[in-house]
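K.L.:
Got a structure here, written out as structure tokens. Questions coming.
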Amino acid sequence: MTVGRVAELAGVTVRTLHHYDRIGLVRPSVRTAGGYRAYTAGDVERLREVLAYRRLGFGLRDISDLVDDPATDAVAHLHRLRGLLVDQRDRAAAMVTAIDRELEARAMGIRTTPEQQLTALGAQLYDAIGSAYPATRRTEPRIAARIWDALGDARTVLNVGAGTGSYEPPDRGVTAVEPSAVMRALRPADAAPCVAATAESLPFEDRSFDAAMAVSTVHHWPDPVAGLREMRRVARRVVVLTYDADDTGWRQRFWLTRDYLPEFADLLVGWPSLADLTRAIGGRAESVLIPWDCADGFFEAYWRRPEAYLDEHVRRAVSVWTRVGPKAEQRAVRRLRDDLSSGRWAERNRELVTLDAAELGLRLLVA
Ligand SMILES: C[S@@+](CC[C@H](N)C(=O)[O-])C[C@H]1O[C@@H](n2cnc3c(N)ncnc32)[C@H](O)[C@@H]1O
């Protein structure tokens, strides 16, 4: 195919194609009988990948790394592009819904507060990633045992930021609170009743519950300290599974954040210290080790099963990957894939195979 014909079909200018040719990104590798330069089927395939990554917002230098990666064939590129586009579509749809809601509210003369706008964003993230959640997120029995033990003799339990209800104790009266409509819809039919509300403003009287629990959710709340105080207000006992964000030690120890996704550190900027969180409920923090075969696919769960992070389903069920953005995600995955196939990962992390559980900053706060 000639340069002119390719430009016409792809909807780009001939100038763009010449530019790609000059920088070595996509070259028309043959000549026609008339002596004009032309694209082979392989050249066109490469151009299609380049244009698709471009439309997703990748820079030309990153695109060149992506399309030159010998470990990624055309089918793998299609799978990756599809995943990125679906993700972008879902996020755009969730934003349209949030904007429609705010327009409706404004039309009725209701102004949303800054807090409500931020809260909508937090829930909106889960409206976008929620549908991927059940694939890998489920109860890890050893962590559940720790949480249920900490609930003591509580008979009524409020589960805040409940999601699909993974850690709700089966033998007590549970009430769930979950702001994301998608997550609420994903709760099993026989799950505990669920109220649409946020942690920062719990619609319950003081001391309404024996205990309040929150699992892997506090880091999503716009105001974690306010949410924890609310839990304290409505319950006698508070149990929270969260992360120690100020201890950089485990971030350095965890090979995924240390060697592949340093952007994770940016997500923790401004996050309250463990001491602030513990103080908000007036309790203590206990370390929770992550078993090597952890059943709940949260971010650190696969620390001894690195291949899992190459799986799109595993990543889509963890908000970290959506929050760092597609560029950082693809770069991290590409480097990990390379290091796994070259043996570099195994070389660097030799000591992990002998561990059955790892200390990676997970904490149980109990008050
Ligand atoms: C990682 S999920 C955890 C769900 C569940 N606790 C579990 O362990 O599977 C985090 C949840 O927090 C919810 N969330 C986000 N902002 C919130 C807020 N301000 N108050 C309460 N929950 C919130 C999200 O919608 C999402 O369902």
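Residue names in the structure tokens use chain letters A, B, ... in the order shown, residue numbers from 1 in each chain, and ligand numbers from 1 in the order shown.
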Could you please extract the residues within 7 Å of ligand 1, counting only C-alpha atoms and all ligand atoms, and hand them back as an MDAnalysis selection string?

P.N.:
chainID A and resid 119 122:123 126 137:138 160:167 177:180 183 197:200 214:217 220:222

K.L.:
For region 266-273 of chain A, please output as a list in words all residues within 10 Å (counting only C-alpha atoms; exclusion window: fewer than 5 positions along the same chain).

P.N.:
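The residues that qualify are His219, Pro222, Asp223, Pro224, Val225, Tyr243, Asp244, Ala245, Asp246, Asp247, Thr278, Arg279, Val320, Arg323 and Val324 of chain A.
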
K.L.:
Taking N, CA and C atoms for each residue, export the selection above as a PDB file, in the first residue's frame.

P.N.:
```
ATOM      1  N   HIS A 219      -7.922   3.617  52.827  1.00  0.00           N
ATOM      2  CA  HIS A 219      -7.053   4.411  51.946  1.00  0.00           C
ATOM      3  C   HIS A 219      -7.822   5.003  50.761  1.00  0.00           C
ATOM      4  N   PRO A 222     -11.813  10.013  51.293  1.00  0.00           N
ATOM      5  CA  PRO A 222     -11.237  11.359  51.181  1.00  0.00           C
ATOM      6  C   PRO A 222     -10.728  11.866  52.538  1.00  0.00           C
ATOM      7  N   ASP A 223     -11.400  11.487  53.635  1.00  0.00           N
ATOM      8  CA  ASP A 223     -10.963  11.947  54.942  1.00  0.00           C
ATOM      9  C   ASP A 223     -10.952  10.762  55.928  1.00  0.00           C
ATOM     10  N   PRO A 224      -9.851   9.979  55.917  1.00  0.00           N
ATOM     11  CA  PRO A 224      -9.801   8.758  56.718  1.00  0.00           C
ATOM     12  C   PRO A 224     -10.015   9.006  58.215  1.00  0.00           C
ATOM     13  N   VAL A 225      -9.407  10.076  58.743  1.00  0.00           N
ATOM     14  CA  VAL A 225      -9.523  10.322  60.188  1.00  0.00           C
ATOM     15  C   VAL A 225     -10.987  10.596  60.545  1.00  0.00           C
ATOM     16  N   TYR A 243      -3.039  -0.167  55.891  1.00  0.00           N
ATOM     17  CA  TYR A 243      -1.605  -0.211  55.619  1.00  0.00           C
ATOM     18  C   TYR A 243      -0.834   0.793  56.458  1.00  0.00           C
ATOM     19  N   ASP A 244       0.385   0.448  56.735  1.00  0.00           N
ATOM     20  CA  ASP A 244       1.272   1.398  57.386  1.00  0.00           C
ATOM     21  C   ASP A 244       1.977   2.185  56.279  1.00  0.00           C
ATOM     22  N   ALA A 245       1.452   3.385  55.999  1.00  0.00           N
ATOM     23  CA  ALA A 245       1.984   4.140  54.864  1.00  0.00           C
ATOM     24  C   ALA A 245       3.294   4.836  55.184  1.00  0.00           C
ATOM     25  N   ASP A 246       3.612   5.094  56.459  1.00  0.00           N
ATOM     26  CA  ASP A 246       4.865   5.814  56.722  1.00  0.00           C
ATOM     27  C   ASP A 246       6.075   4.901  56.785  1.00  0.00           C
ATOM     28  N   ASP A 247       5.844   3.597  56.921  1.00  0.00           N
ATOM     29  CA  ASP A 247       6.985   2.686  56.961  1.00  0.00           C
ATOM     30  C   ASP A 247       7.435   2.414  55.519  1.00  0.00           C
ATOM     31  N   THR A 278      -4.513   5.296  64.231  1.00  0.00           N
ATOM     32  CA  THR A 278      -4.751   4.583  65.490  1.00  0.00           C
ATOM     33  C   THR A 278      -5.332   5.540  66.526  1.00  0.00           C
ATOM     34  N   ARG A 279      -4.803   6.769  66.523  1.00  0.00           N
ATOM     35  CA  ARG A 279      -5.283   7.762  67.484  1.00  0.00           C
ATOM     36  C   ARG A 279      -6.766   8.083  67.238  1.00  0.00           C
ATOM     37  N   VAL A 320      -4.940   0.150  42.633  1.00  0.00           N
ATOM     38  CA  VAL A 320      -3.608   0.756  42.453  1.00  0.00           C
ATOM     39  C   VAL A 320      -3.283   0.884  40.965  1.00  0.00           C
ATOM     40  N   ARG A 323      -5.101   3.626  39.358  1.00  0.00           N
ATOM     41  CA  ARG A 323      -4.712   4.943  39.853  1.00  0.00           C
ATOM     42  C   ARG A 323      -3.344   5.394  39.338  1.00  0.00           C
ATOM     43  N   VAL A 324      -2.417   4.470  39.089  1.00  0.00           N
ATOM     44  CA  VAL A 324      -1.107   4.906  38.574  1.00  0.00           C
ATOM     45  C   VAL A 324      -1.181   5.248  37.089  1.00  0.00           C
TER      46      VAL A 324
END
```

K.L.:
Could you tell me which of A:Val239, A:Leu158, A:Val218, A:Leu186 comes closest to Leu202 (chain A) if we count only C-alpha atoms?

P.N.:
A:Leu158

K.L.:
Against region 346-349 of chain A, which residues of region 205-262 of chain A fall within 12 Å? For each one I want the closest pair of atoms and the distance in Å (one decimal), counting only C-alpha atoms, rows by chain and increasing residue number, as a tab-separated table.

P.N.:
```
residue	atom	partner	partner_atom	distance
A:Arg253	CA	A:Asn349	CA	10.0
A:Phe254	CA	A:Asn349	CA	9.8
A:Trp255	CA	A:Asn349	CA	7.8
A:Leu256	CA	A:Asn349	CA	10.8
A:Arg258	CA	A:Arg348	CA	11.7
A:Asp259	CA	A:Arg348	CA	10.1
```

K.L.:
Would you mind listing what lies within 8 Å of Met1 (chain A) as a list in words, with only C-alpha atoms counted and same-chain residues fewer than 2 positions away left out?

P.N.:
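That gives Val3, Arg5, Val6, Ala38, Tyr39 and Thr40 of chain A.
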
K.L.:
Could you write those residues out with N, CA, C and O atoms, as a tab-separated table (two decimals), in the first residue's frame?

P.N.:
```tsv
chain	number	residue	atom	x	y	z
A	3	VAL	N	1.98	5.26	0.55
A	3	VAL	CA	1.90	6.14	1.71
A	3	VAL	C	0.56	6.91	1.69
A	3	VAL	O	-0.14	7.00	2.70
A	5	ARG	N	-2.29	6.11	0.26
A	5	ARG	CA	-3.44	5.23	0.52
A	5	ARG	C	-3.54	4.90	2.01
A	5	ARG	O	-4.62	4.92	2.59
A	6	VAL	N	-2.40	4.63	2.64
A	6	VAL	CA	-2.40	4.30	4.08
A	6	VAL	C	-2.88	5.51	4.88
A	6	VAL	O	-3.70	5.38	5.78
A	38	ALA	N	6.37	1.78	-0.21
A	38	ALA	CA	5.05	1.21	0.12
A	38	ALA	C	5.13	0.38	1.39
A	38	ALA	O	6.20	-0.09	1.80
A	39	TYR	N	3.96	0.22	2.01
A	39	TYR	CA	3.86	-0.53	3.27
A	39	TYR	C	3.45	-1.97	3.01
A	39	TYR	O	2.52	-2.22	2.22
A	40	THR	N	4.11	-2.91	3.65
A	40	THR	CA	3.70	-4.32	3.59
A	40	THR	C	2.60	-4.54	4.64
A	40	THR	O	2.33	-3.65	5.46
```

K.L.:
Can you write out as JSON lines which residues of region 114-226 of chain A fall within 12 Å of region 358-367 of chain A, alongside each residue's closest atom pair and its distance in Å to one decimal, counting only C-alpha atoms and ordering rows by chain and ascending residue number?

P.N.:
```
{"residue": "A:Ile143", "atom": "CA", "partner": "A:Leu364", "partner_atom": "CA", "distance": 9.6}
{"residue": "A:Ala144", "atom": "CA", "partner": "A:Leu364", "partner_atom": "CA", "distance": 11.1}
{"residue": "A:Ala145", "atom": "CA", "partner": "A:Leu364", "partner_atom": "CA", "distance": 11.8}
{"residue": "A:Arg146", "atom": "CA", "partner": "A:Leu364", "partner_atom": "CA", "distance": 8.3}
{"residue": "A:Ile147", "atom": "CA", "partner": "A:Leu364", "partner_atom": "CA", "distance": 7.7}
{"residue": "A:Trp148", "atom": "CA", "partner": "A:Leu364", "partner_atom": "CA", "distance": 11.3}
{"residue": "A:Asp149", "atom": "CA", "partner": "A:Val366", "partner_atom": "CA", "distance": 10.6}
{"residue": "A:Ala150", "atom": "CA", "partner": "A:Val366", "partner_atom": "CA", "distance": 6.9}
{"residue": "A:Leu151", "atom": "CA", "partner": "A:Val366", "partner_atom": "CA", "distance": 8.6}
{"residue": "A:Gly152", "atom": "CA", "partner": "A:Val366", "partner_atom": "CA", "distance": 10.5}
{"residue": "A:Asp210", "atom": "CA", "partner": "A:Ala367", "partner_atom": "CA", "distance": 11.9}
{"residue": "A:Ala211", "atom": "CA", "partner": "A:Ala367", "partner_atom": "CA", "distance": 9.6}
{"residue": "A:Ala212", "atom": "CA", "partner": "A:Ala367", "partner_atom": "CA", "distance": 10.0}
{"residue": "A:Met213", "atom": "CA", "partner": "A:Val366", "partner_atom": "CA", "distance": 9.4}
{"residue": "A:Ala214", "atom": "CA", "partner": "A:Leu365", "partner_atom": "CA", "distance": 9.7}
{"residue": "A:Val215", "atom": "CA", "partner": "A:Leu364", "partner_atom": "CA", "distance": 9.1}
{"residue": "A:Ser216", "atom": "CA", "partner": "A:Leu362", "partner_atom": "CA", "distance": 9.4}
{"residue": "A:Val218", "atom": "CA", "partner": "A:Leu365", "partner_atom": "CA", "distance": 11.3}
```

K.L.:
Mind writing the picked residues with N, CA and C atoms as an mmCIF file, in the first residue's frame?

P.N.:
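What ended up in selection.cif:
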```
data_model
loop_
_atom_site.group_PDB
_atom_site.id
_atom_site.type_symbol
_atom_site.label_atom_id
_atom_site.label_comp_id
_atom_site.auth_asym_id
_atom_site.auth_seq_id
_atom_site.Cartn_x
_atom_site.Cartn_y
_atom_site.Cartn_z
ATOM 1 N N ILE A 143 -6.750 -14.272 57.211
ATOM 2 C CA ILE A 143 -6.936 -12.857 57.565
ATOM 3 C C ILE A 143 -8.330 -12.674 58.178
ATOM 4 N N ALA A 144 -9.336 -13.376 57.627
ATOM 5 C CA ALA A 144 -10.693 -13.289 58.187
ATOM 6 C C ALA A 144 -10.679 -13.726 59.656
ATOM 7 N N ALA A 145 -9.931 -14.775 59.958
ATOM 8 C CA ALA A 145 -9.902 -15.281 61.337
ATOM 9 C C ALA A 145 -9.373 -14.201 62.284
ATOM 10 N N ARG A 146 -8.364 -13.442 61.822
ATOM 11 C CA ARG A 146 -7.804 -12.361 62.653
ATOM 12 C C ARG A 146 -8.857 -11.273 62.888
ATOM 13 N N ILE A 147 -9.577 -10.920 61.832
ATOM 14 C CA ILE A 147 -10.584 -9.851 61.942
ATOM 15 C C ILE A 147 -11.723 -10.294 62.860
ATOM 16 N N TRP A 148 -12.207 -11.527 62.648
ATOM 17 C CA TRP A 148 -13.349 -12.004 63.425
ATOM 18 C C TRP A 148 -12.959 -12.175 64.898
ATOM 19 N N ASP A 149 -11.730 -12.580 65.109
ATOM 20 C CA ASP A 149 -11.238 -12.711 66.471
ATOM 21 C C ASP A 149 -11.238 -11.333 67.156
ATOM 22 N N ALA A 150 -10.770 -10.318 66.405
ATOM 23 C CA ALA A 150 -10.707 -8.966 66.977
ATOM 24 C C ALA A 150 -12.105 -8.393 67.241
ATOM 25 N N LEU A 151 -13.120 -8.895 66.542
ATOM 26 C CA LEU A 151 -14.491 -8.406 66.782
ATOM 27 C C LEU A 151 -15.018 -8.866 68.143
ATOM 28 N N GLY A 152 -14.297 -9.823 68.749
ATOM 29 C CA GLY A 152 -14.645 -10.290 70.091
ATOM 30 C C GLY A 152 -16.055 -10.867 70.144
ATOM 31 N N ASP A 210 -22.384 -3.078 68.127
ATOM 32 C CA ASP A 210 -21.366 -3.582 69.053
ATOM 33 C C ASP A 210 -19.974 -3.304 68.470
ATOM 34 N N ALA A 211 -19.843 -3.503 67.166
ATOM 35 C CA ALA A 211 -18.531 -3.282 66.533
ATOM 36 C C ALA A 211 -18.702 -2.704 65.139
ATOM 37 N N ALA A 212 -17.668 -1.962 64.692
ATOM 38 C CA ALA A 212 -17.632 -1.478 63.304
ATOM 39 C C ALA A 212 -16.326 -1.965 62.697
ATOM 40 N N MET A 213 -16.387 -2.514 61.484
ATOM 41 C CA MET A 213 -15.162 -2.977 60.825
ATOM 42 C C MET A 213 -14.999 -2.294 59.465
ATOM 43 N N ALA A 214 -13.740 -2.193 59.007
ATOM 44 C CA ALA A 214 -13.454 -1.630 57.683
ATOM 45 C C ALA A 214 -12.233 -2.375 57.146
ATOM 46 N N VAL A 215 -12.375 -2.981 55.976
ATOM 47 C CA VAL A 215 -11.306 -3.826 55.433
ATOM 48 C C VAL A 215 -10.841 -3.289 54.079
ATOM 49 N N SER A 216 -9.562 -3.027 53.949
ATOM 50 C CA SER A 216 -8.952 -2.572 52.681
ATOM 51 C C SER A 216 -9.742 -1.441 52.040
ATOM 52 N N VAL A 218 -9.975 2.053 53.935
ATOM 53 C CA VAL A 218 -9.696 3.365 54.532
ATOM 54 C C VAL A 218 -8.853 4.245 53.590
#
```

K.L.:
Can you list, as an MDAnalysis selection string, every residue of region 31-269 of chain A that DSSP puts in alpha helix (DSSP H)?

P.N.:
chainID A and resid 41:55 60:68 74:107 114:129 141:150 181:185 224:234 248:253 255 264:267

K.L.:
Considering only C-alpha atoms, can you say which of A:Thr136, A:Thr354, A:Thr113, A:Thr2 comes closest to His313 (chain A)?

P.N.:
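Residue with the minimum atom-to-atom distance to His313 (chain A): A:Thr136.
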
K.L.:
For Pro70 (chain A), list every protein, DNA or RNA residue within 12 Å, evaluated using only C-alpha atoms, and leave out those in the same chain fewer than 6 positions away; present the list as number ranges by chain.

P.N.:
A: 64, 76-77, 334, 337-338, 341

K.L.:
Would you save the residues from that selection as a PDB file, in the first residue's frame, using C-alpha atoms?

P.N.:
```pdb
ATOM      1  CA  SER A  64       8.548   2.641  20.243  1.00  0.00           C
ATOM      2  CA  ALA A  76      -0.736  -9.835  22.830  1.00  0.00           C
ATOM      3  CA  HIS A  77      -0.832  -6.206  21.607  1.00  0.00           C
ATOM      4  CA  ARG A 334       6.588  -5.201  30.483  1.00  0.00           C
ATOM      5  CA  ARG A 337       7.631  -9.993  32.025  1.00  0.00           C
ATOM      6  CA  ASP A 338      11.163  -9.452  30.699  1.00  0.00           C
ATOM      7  CA  SER A 341      11.687 -14.701  31.240  1.00  0.00           C
TER       8      SER A 341
END
```
